[in-house]
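Here's the structure we're looking at; comments come further down.
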Amino acid sequence: MLGGPTITLVRAVAIVMALGAIRAFAADIGYLTPPRIPAKEFPSPRRPVAPIASLSRSTEEHRDSLNEAGEVALLLGLKPGMTVGDIGAGSGYYTVRLSYVVGSTGAIIAQDVMRDYLIELSRRTERLGLANVKFAMGEPHDPRLPASSLDAAILGHMYHEITQPYAFLYNLAPALKPGARIGIVDFERPTSRHGTPIELLRCELSAVGYGEIATYQLAGDGGYLAVFVPPLEAGRRSPRDIVACTDHAGSR
């Protein structure tokens, strides 16, 4: 029978091992590229920025009932062998599901500004045996992703949380390969209520030089998917020439 000091020792060893595992996960998570253009070179948004949502998987079952990830993958034309960026990956809704879509010959780069979220997600993907997922720390103004590394990027229900959207979009563009697509999933409601009015979204991406391909209404109450192409390097405007959009409806 174990008791007293023995149980205490076992618990202490378990805690030390758990902390060691967390540190190991953290050591593997960092920036994948040097910083690009700093935020001070860009205008700040003229609308509220929603706080980063707490890490939660509570809505995943409902989103699966609407086949959100499958619908987005189909509309973006995701295929085996692609490298897809899950920007603002959070709990990993898209990371986990799209890992199977791109397969063993492809990769998912799960990016976030919250290291704790990426650590938890790395533990989740390890439990699921997902070997094609990489992790990348980012900054509020810069995703810090390698040049020409992505065939597609998905920003799922997080665009309204980006504190420096013009800098972020500008610094994201070099990471997208020629012909790549960026898909933004959000709700048609004010940014202060964790959504982005579609006209505001179009204005902000257009201000940086992104071109709209299409906007789709997702099934049920899943919001919309807006698909854009990044600006060509030769046609990119200077950061100081970008004019911030005014959110006339969503700021009320």
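Please note that chains go A, B, ... in the order of the structure tokens, that every chain numbers its residues from 1, and that ligands are numbered from 1 in the order shown.
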
If you take only C-alpha atoms and a cut-off of 12 Å, which residues of region 177-236 of chain A touch region 32-44 of chain A, and what are their nearest atom pairs and distances in Å to one decimal, in chain and number order, as a Markdown table?
```
| residue | atom | partner | partner_atom | distance |
| --- | --- | --- | --- | --- |
| A:Glu204 | CA | A:Pro43 | CA | 11.0 |
| A:Ala207 | CA | A:Pro43 | CA | 10.7 |
| A:Val208 | CA | A:Phe42 | CA | 10.2 |
```

Residues just named, written with C-alpha atoms as a tab-separated table (two decimals), in the first residue's frame:
```tsv
chain	number	residue	atom	x	y	z
A	204	GLU	CA	-9.69	46.92	-45.24
A	207	ALA	CA	-6.78	49.15	-48.79
A	208	VAL	CA	-3.77	46.81	-48.60
```

Shell around Ala147 (chain A) at 8 Å using only C-alpha atoms, local window under 5 positions removed, as JSON, numbers by chain: {"A": [174, 175, 176, 177]}

Output N, CA and C atoms of each residue in that selection to a file, as a PDB file, in the first residue's frame.
```
ATOM      1  N   PRO A 174       3.580  38.319 -48.331  1.00  0.00           N
ATOM      2  CA  PRO A 174       4.747  37.604 -48.868  1.00  0.00           C
ATOM      3  C   PRO A 174       4.749  36.112 -48.574  1.00  0.00           C
ATOM      4  N   ALA A 175       4.016  35.669 -47.554  1.00  0.00           N
ATOM      5  CA  ALA A 175       3.984  34.242 -47.208  1.00  0.00           C
ATOM      6  C   ALA A 175       3.118  33.440 -48.165  1.00  0.00           C
ATOM      7  N   LEU A 176       2.305  34.103 -48.974  1.00  0.00           N
ATOM      8  CA  LEU A 176       1.388  33.427 -49.881  1.00  0.00           C
ATOM      9  C   LEU A 176       2.033  33.210 -51.243  1.00  0.00           C
ATOM     10  N   LYS A 177       1.976  31.980 -51.733  1.00  0.00           N
ATOM     11  CA  LYS A 177       2.535  31.649 -53.035  1.00  0.00           C
ATOM     12  C   LYS A 177       1.723  32.315 -54.152  1.00  0.00           C
TER      13      LYS A 177
END
```

Given only C-alpha atoms as the counted atoms, nearest of A:Ala219, A:Leu66, A:Ala244, A:Val102 to Met82 (chain A):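 Under the stated criterion, the closest residue is A:Val102.
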
Name the residues of region 98-245 of chain A that come out as helix (DSSP H, G or I) in a backbone DSSP run; write them as a VMD selection string. chain A and resid 98 to 102 115 to 128 159 to 161 165 to 175 191 to 193 198 to 208 233 to 235 239 to 241

When you look at Ala153 (chain A) with a cut-off of 9 Å (counting only C-alpha atoms), what residues show up, excluding the ones that are within fewer than 6 positions of it in the same chain? I need them as a PyMOL selection string. chain A and resi 83-87+176+180-184

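When only C-alpha atoms are used to measure the gap to Asp112 (chain A), the shortest distance among A:Ile29, A:Leu76, A:Glu71, A:Arg46 belongs to A:Ile29.
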
Residues within 8 Å of Glu212 (chain A), only C-alpha atoms, excluding chain neighbours under 3 positions, as a PyMOL selection string: chain A and resi 202+206+226-229

If we count only C-alpha atoms, what is near Tyr100 (chain A) at a cut-off of 9 Å, once residues fewer than 3 positions away on the same chain are taken out, given as a list in words? Pro80, Val96, Arg97, Gly103, Ser104 and Leu130 of chain A

Shell around Ile52 (chain A) at 10 Å using only C-alpha atoms, local window under 3 positions removed, as a PyMOL selection string: chain A and resi 49+55+88+90+113-114+158+160-163+194

Write out the residues from the selection above, keeping N, CA and C atoms, as an mmCIF file, in the first residue's frame.
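out18.cif written:
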```cif
data_model
loop_
_atom_site.group_PDB
_atom_site.id
_atom_site.type_symbol
_atom_site.label_atom_id
_atom_site.label_comp_id
_atom_site.auth_asym_id
_atom_site.auth_seq_id
_atom_site.Cartn_x
_atom_site.Cartn_y
_atom_site.Cartn_z
ATOM 1 N N VAL A 49 -11.598 46.818 -31.832
ATOM 2 C CA VAL A 49 -10.931 45.531 -31.971
ATOM 3 C C VAL A 49 -11.420 44.646 -30.827
ATOM 4 N N LEU A 55 -9.522 30.291 -24.958
ATOM 5 C CA LEU A 55 -9.378 29.016 -25.639
ATOM 6 C C LEU A 55 -10.547 28.099 -25.283
ATOM 7 N N GLY A 88 -4.220 32.405 -36.523
ATOM 8 C CA GLY A 88 -5.012 32.542 -35.310
ATOM 9 C C GLY A 88 -5.659 31.221 -34.971
ATOM 10 N N GLY A 90 -5.864 29.177 -32.480
ATOM 11 C CA GLY A 90 -6.633 28.966 -31.259
ATOM 12 C C GLY A 90 -6.616 27.518 -30.809
ATOM 13 N N VAL A 113 -0.750 34.234 -31.886
ATOM 14 C CA VAL A 113 0.055 35.155 -31.084
ATOM 15 C C VAL A 113 0.097 34.724 -29.622
ATOM 16 N N MET A 114 -0.699 33.699 -29.277
ATOM 17 C CA MET A 114 -0.771 33.210 -27.908
ATOM 18 C C MET A 114 0.013 31.899 -27.799
ATOM 19 N N MET A 158 -11.534 35.157 -36.405
ATOM 20 C CA MET A 158 -10.537 35.866 -35.601
ATOM 21 C C MET A 158 -10.106 37.199 -36.211
ATOM 22 N N HIS A 160 -11.549 39.979 -36.532
ATOM 23 C CA HIS A 160 -11.963 41.102 -35.690
ATOM 24 C C HIS A 160 -11.077 41.275 -34.462
ATOM 25 N N GLU A 161 -10.202 40.282 -34.174
ATOM 26 C CA GLU A 161 -9.308 40.354 -33.018
ATOM 27 C C GLU A 161 -7.917 40.878 -33.383
ATOM 28 N N ILE A 162 -7.658 41.126 -34.653
ATOM 29 C CA ILE A 162 -6.342 41.591 -35.083
ATOM 30 C C ILE A 162 -6.214 43.076 -34.774
ATOM 31 N N THR A 163 -5.287 43.410 -33.907
ATOM 32 C CA THR A 163 -5.174 44.798 -33.453
ATOM 33 C C THR A 163 -4.563 45.720 -34.502
ATOM 34 N N HIS A 194 -17.502 40.455 -31.953
ATOM 35 C CA HIS A 194 -16.786 39.314 -32.532
ATOM 36 C C HIS A 194 -17.330 38.913 -33.902
#
```

For Ser192 (chain A), work out the shell of residues within 12 Å, counting only C-alpha atoms and skipping chain neighbours fewer than 3 positions away, then give it as a VMD selection string. chain A and resid 47 to 53 158 to 162 187 to 189 195 to 197 247 249 to 252

Resulting file, chosen residues, N, CA and C atoms, as an mmCIF file, in the first residue's frame:
```
data_model
loop_
_atom_site.group_PDB
_atom_site.id
_atom_site.type_symbol
_atom_site.label_atom_id
_atom_site.label_comp_id
_atom_site.auth_asym_id
_atom_site.auth_seq_id
_atom_site.Cartn_x
_atom_site.Cartn_y
_atom_site.Cartn_z
ATOM 1 N N ARG A 47 -11.921 51.398 -35.953
ATOM 2 C CA ARG A 47 -13.090 50.649 -35.475
ATOM 3 C C ARG A 47 -12.644 49.825 -34.278
ATOM 4 N N PRO A 48 -13.593 49.330 -33.493
ATOM 5 C CA PRO A 48 -13.211 48.543 -32.308
ATOM 6 C C PRO A 48 -12.487 47.258 -32.703
ATOM 7 N N VAL A 49 -11.598 46.818 -31.832
ATOM 8 C CA VAL A 49 -10.931 45.531 -31.971
ATOM 9 C C VAL A 49 -11.420 44.646 -30.827
ATOM 10 N N ALA A 50 -11.948 43.489 -31.176
ATOM 11 C CA ALA A 50 -12.473 42.583 -30.149
ATOM 12 C C ALA A 50 -11.326 41.948 -29.372
ATOM 13 N N PRO A 51 -11.513 41.689 -28.079
ATOM 14 C CA PRO A 51 -10.487 40.977 -27.312
ATOM 15 C C PRO A 51 -10.347 39.549 -27.810
ATOM 16 N N ILE A 52 -9.150 38.994 -27.667
ATOM 17 C CA ILE A 52 -8.923 37.609 -28.078
ATOM 18 C C ILE A 52 -9.784 36.689 -27.237
ATOM 19 N N ALA A 53 -10.524 35.826 -27.912
ATOM 20 C CA ALA A 53 -11.428 34.916 -27.217
ATOM 21 C C ALA A 53 -10.629 33.885 -26.423
ATOM 22 N N MET A 158 -11.534 35.157 -36.405
ATOM 23 C CA MET A 158 -10.537 35.866 -35.601
ATOM 24 C C MET A 158 -10.106 37.199 -36.211
ATOM 25 N N TYR A 159 -10.557 37.517 -37.420
ATOM 26 C CA TYR A 159 -10.106 38.753 -38.056
ATOM 27 C C TYR A 159 -10.393 39.975 -37.183
ATOM 28 N N HIS A 160 -11.549 39.979 -36.532
ATOM 29 C CA HIS A 160 -11.963 41.102 -35.690
ATOM 30 C C HIS A 160 -11.077 41.275 -34.462
ATOM 31 N N GLU A 161 -10.202 40.282 -34.174
ATOM 32 C CA GLU A 161 -9.308 40.354 -33.018
ATOM 33 C C GLU A 161 -7.917 40.878 -33.383
ATOM 34 N N ILE A 162 -7.658 41.126 -34.653
ATOM 35 C CA ILE A 162 -6.342 41.591 -35.083
ATOM 36 C C ILE A 162 -6.214 43.076 -34.774
ATOM 37 N N PHE A 187 -18.572 36.479 -38.905
ATOM 38 C CA PHE A 187 -20.008 36.755 -38.842
ATOM 39 C C PHE A 187 -20.289 38.179 -39.305
ATOM 40 N N GLU A 188 -21.456 38.382 -39.876
ATOM 41 C CA GLU A 188 -21.899 39.704 -40.306
ATOM 42 C C GLU A 188 -22.460 40.448 -39.097
ATOM 43 N N ARG A 189 -21.554 40.978 -38.298
ATOM 44 C CA ARG A 189 -21.946 41.775 -37.141
ATOM 45 C C ARG A 189 -20.766 42.637 -36.721
ATOM 46 N N GLY A 195 -17.394 39.897 -34.762
ATOM 47 C CA GLY A 195 -17.728 39.681 -36.167
ATOM 48 C C GLY A 195 -17.065 40.777 -36.978
ATOM 49 N N THR A 196 -17.253 40.750 -38.300
ATOM 50 C CA THR A 196 -16.747 41.814 -39.163
ATOM 51 C C THR A 196 -17.759 42.061 -40.266
ATOM 52 N N PRO A 197 -18.374 43.241 -40.330
ATOM 53 C CA PRO A 197 -19.269 43.542 -41.451
ATOM 54 C C PRO A 197 -18.545 43.330 -42.774
ATOM 55 N N ASP A 247 -15.606 52.382 -40.070
ATOM 56 C CA ASP A 247 -16.722 51.455 -39.910
ATOM 57 C C ASP A 247 -17.948 52.248 -39.448
ATOM 58 N N ALA A 249 -21.203 51.600 -39.711
ATOM 59 C CA ALA A 249 -22.309 50.849 -39.120
ATOM 60 C C ALA A 249 -21.886 50.076 -37.896
ATOM 61 N N GLY A 250 -20.722 49.397 -37.956
ATOM 62 C CA GLY A 250 -20.347 48.488 -36.905
ATOM 63 C C GLY A 250 -19.855 49.133 -35.635
ATOM 64 N N SER A 251 -19.512 50.404 -35.664
ATOM 65 C CA SER A 251 -18.982 51.064 -34.473
ATOM 66 C C SER A 251 -20.080 51.590 -33.559
ATOM 67 N N ARG A 252 -21.320 51.526 -34.038
ATOM 68 C CA ARG A 252 -22.409 52.019 -33.202
ATOM 69 C C ARG A 252 -22.824 50.998 -32.156
#
```

From a DSSP calculation on the backbone, collect every residue of region 105-159 of chain A in strand (DSSP E) and output the set as number ranges by chain. A: 107-112, 133-137, 150-156

For Ile154 (chain A), which residue out of A:Ser58, A:Thr95, A:Asn132, A:Thr125 is the nearest one, using only C-alpha atoms? A:Thr95
